[in-house]
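Asker: Quick one: structure below, then a few questions.
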Amino acid sequence: MARQISIAALFVVLAAVVLQSTYAATYTVGNSTGWRVPPNTDFYDNWTDDTNFVVGDILVFDFTTGQHDVAGATETAYDACTTTNAIFTETTGPARIRLNTTGEHYFICTFSNHCASGQKLKVEVQNSTTASTPGSSPTTPSGTSSPPSSASSLVAALSLVLMSIALVLLC
């Protein structure tokens, strides 16, 4: 009987881990090109074409510190490449940014004329329940982590609850 409970507890823990790991993906912006002045002004638009971003996904802006940065921007600032009044600015690369809310998110490089040369990114973020499977393969580069979104915090909390239940069943 104790062996059956142990197997059931192990199954519950593994299910919780799988649930949490399938929730979000990590994408390196521009894939191997990274975050730099692109070869053409449509480069980053084309990069997002086949990808469905969901709340909890992480964008990794891979750039050389001191040569580029990434700033969160409003739609107006994105369209005009206005580098003042950024929502936030990350100056150390690679920068990891978690997509915590649905809707359109805008990112630009504030260096010189980088934005006007195409170093800007717009992503549409959906709820994970309404988005289909991402079209491009996510990657998991090293770097600093971002604070978890409320949705991924919920998954983590559920995992802890399930593990606690499993431990109680084992005793």
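Ordering of the structure tokens sets the chain letters (A, B, ...); residue numbers start at 1 within each chain; ligands are numbered from 1 in the order shown.
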Just want the 12 Å neighbourhood of A:Ala116, counted on only C-alpha atoms, with same-chain residues fewer than 6 positions away dropped. Output as a CSV table (one decimal) with N, CA and C atoms, in the first residue's frame.
Answerer:
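After the write, part31.csv holds the following:
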chain,number,residue,atom,x,y,z
A,37,VAL,N,21.3,46.3,-35.0
A,37,VAL,CA,20.7,46.9,-36.2
A,37,VAL,C,20.6,45.8,-37.2
A,38,PRO,N,19.3,45.6,-37.7
A,38,PRO,CA,19.1,44.4,-38.6
A,38,PRO,C,19.5,44.7,-40.0
A,40,ASN,N,17.6,44.6,-42.6
A,40,ASN,CA,16.6,45.4,-43.2
A,40,ASN,C,15.6,45.8,-42.2
A,41,THR,N,14.8,46.8,-42.5
A,41,THR,CA,13.8,47.3,-41.5
A,41,THR,C,12.7,46.4,-41.1
A,42,ASP,N,12.4,45.4,-41.9
A,42,ASP,CA,11.3,44.4,-41.7
A,42,ASP,C,11.8,43.2,-40.9
A,77,ALA,N,5.7,56.1,-29.4
A,77,ALA,CA,7.2,56.2,-29.4
A,77,ALA,C,7.8,55.2,-30.3
A,78,TYR,N,7.2,54.0,-30.4
A,78,TYR,CA,7.7,53.0,-31.3
A,78,TYR,C,7.6,53.5,-32.7
A,79,ASP,N,6.4,54.0,-33.1
A,79,ASP,CA,6.2,54.4,-34.5
A,79,ASP,C,7.1,55.5,-34.9
A,80,ALA,N,7.4,56.5,-33.9
A,80,ALA,CA,8.2,57.7,-34.2
A,80,ALA,C,9.7,57.5,-33.8
A,81,CYS,N,10.0,56.3,-33.2
A,81,CYS,CA,11.4,56.0,-32.7
A,81,CYS,C,11.8,57.1,-31.8
A,82,THR,N,10.9,57.5,-30.9
A,82,THR,CA,11.2,58.5,-29.9
A,82,THR,C,11.8,57.8,-28.7
A,83,THR,N,13.0,58.2,-28.3
A,83,THR,CA,13.7,57.5,-27.3
A,83,THR,C,13.6,58.1,-25.9
A,108,ILE,N,12.3,49.1,-28.3
A,108,ILE,CA,13.2,49.8,-29.3
A,108,ILE,C,14.6,49.9,-28.7
A,109,CYS,N,15.6,50.1,-29.5
A,109,CYS,CA,16.9,50.4,-29.1
A,109,CYS,C,17.1,52.0,-29.1
A,110,THR,N,17.6,52.5,-28.0
A,110,THR,CA,17.6,54.0,-27.9
A,110,THR,C,19.0,54.6,-28.4
Asker: Pull the helix (DSSP H, G or I) assignments for stretch 14-73 of chain A out of DSSP run on the backbone, and list those residues as a ChimeraX atom specification.
Answerer: /A:14-21,31-33,43-48
Asker: One decimal, in Å: what's the spacing between atom CA of A:Cys115 and atom CA of A:Thr92?
Answerer: 17.6 Å
Asker: So how many Å separate atom CA of A:Val54 and atom CA of A:Thr89, to one decimal?
Answerer: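 That distance, rounded to one decimal, is 21.8 Å.
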Asker: What parts of stretch 77-111 of chain A does DSSP call strand (DSSP E or B)? I'd like the answer as a VMD selection string.
Answerer: chain A and resid 88 to 90 95 to 98 103 to 108
Asker: Atom CA of A:Tyr27 and atom CA of A:Ser128, how far apart in Å?
Answerer: 15.5 Å
Asker: For A:Tyr106, please output as a list in words all residues within 6 Å (counting only C-alpha atoms; exclusion window: fewer than 5 positions along the same chain).
Answerer: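 Returned residues: Gly72, Ala73, Leu121 and Lys122 of chain A.
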Asker: Based on the selection just made, write C-alpha atoms of those residues as a PDB file, in the first residue's frame.
Answerer:
ATOM      1  CA  GLY A  72       9.898  49.440 -23.469  1.00  0.00           C
ATOM      2  CA  ALA A  73       7.975  51.996 -25.497  1.00  0.00           C
ATOM      3  CA  LEU A 121      10.121  45.024 -32.079  1.00  0.00           C
ATOM      4  CA  LYS A 122       6.356  44.781 -31.651  1.00  0.00           C
TER       5      LYS A 122
END
Asker: Pick the closest to A:Gln67 from A:Asn113, A:Thr91, A:Gln126, A:Asn100: which is it, counting only C-alpha atoms?
Answerer: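 For A:Gln67, the nearest of the candidates is A:Thr91.
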Asker: Would you kindly return, as a PDB file with N, CA, C and O atoms, in the first residue's frame, each protein, DNA or RNA residue with an atom no farther than 7 Å from any atom of A:Phe53, considering only C-alpha atoms and excluding same-chain residues fewer than 3 positions away?
Answerer:
ATOM      1  N   ASP A  57       5.719  34.144 -21.398  1.00  0.00           N
ATOM      2  CA  ASP A  57       6.883  33.947 -22.267  1.00  0.00           C
ATOM      3  C   ASP A  57       7.961  34.960 -21.914  1.00  0.00           C
ATOM      4  O   ASP A  57       7.684  36.042 -21.405  1.00  0.00           O
ATOM      5  N   GLU A 124       2.560  40.826 -30.157  1.00  0.00           N
ATOM      6  CA  GLU A 124       1.181  40.700 -29.691  1.00  0.00           C
ATOM      7  C   GLU A 124       1.152  39.517 -28.736  1.00  0.00           C
ATOM      8  O   GLU A 124       1.493  38.395 -29.109  1.00  0.00           O
ATOM      9  N   VAL A 125       0.744  39.757 -27.495  1.00  0.00           N
ATOM     10  CA  VAL A 125       0.745  38.729 -26.462  1.00  0.00           C
ATOM     11  C   VAL A 125      -0.691  38.311 -26.173  1.00  0.00           C
ATOM     12  O   VAL A 125      -1.565  39.152 -25.969  1.00  0.00           O
ATOM     13  N   GLN A 126      -0.909  37.009 -26.163  1.00  0.00           N
ATOM     14  CA  GLN A 126      -2.242  36.441 -25.914  1.00  0.00           C
ATOM     15  C   GLN A 126      -2.238  35.654 -24.613  1.00  0.00           C
ATOM     16  O   GLN A 126      -1.184  35.314 -24.081  1.00  0.00           O
TER      17      GLN A 126
END
Asker: Compare A:Glu104, A:Asp49, A:Asp62, A:Glu90 by their minimum atom-to-atom distance to A:Ser32, counting only C-alpha atoms, and give me the closest one.
Answerer: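 Closest to A:Ser32 of all the choices is A:Asp62.
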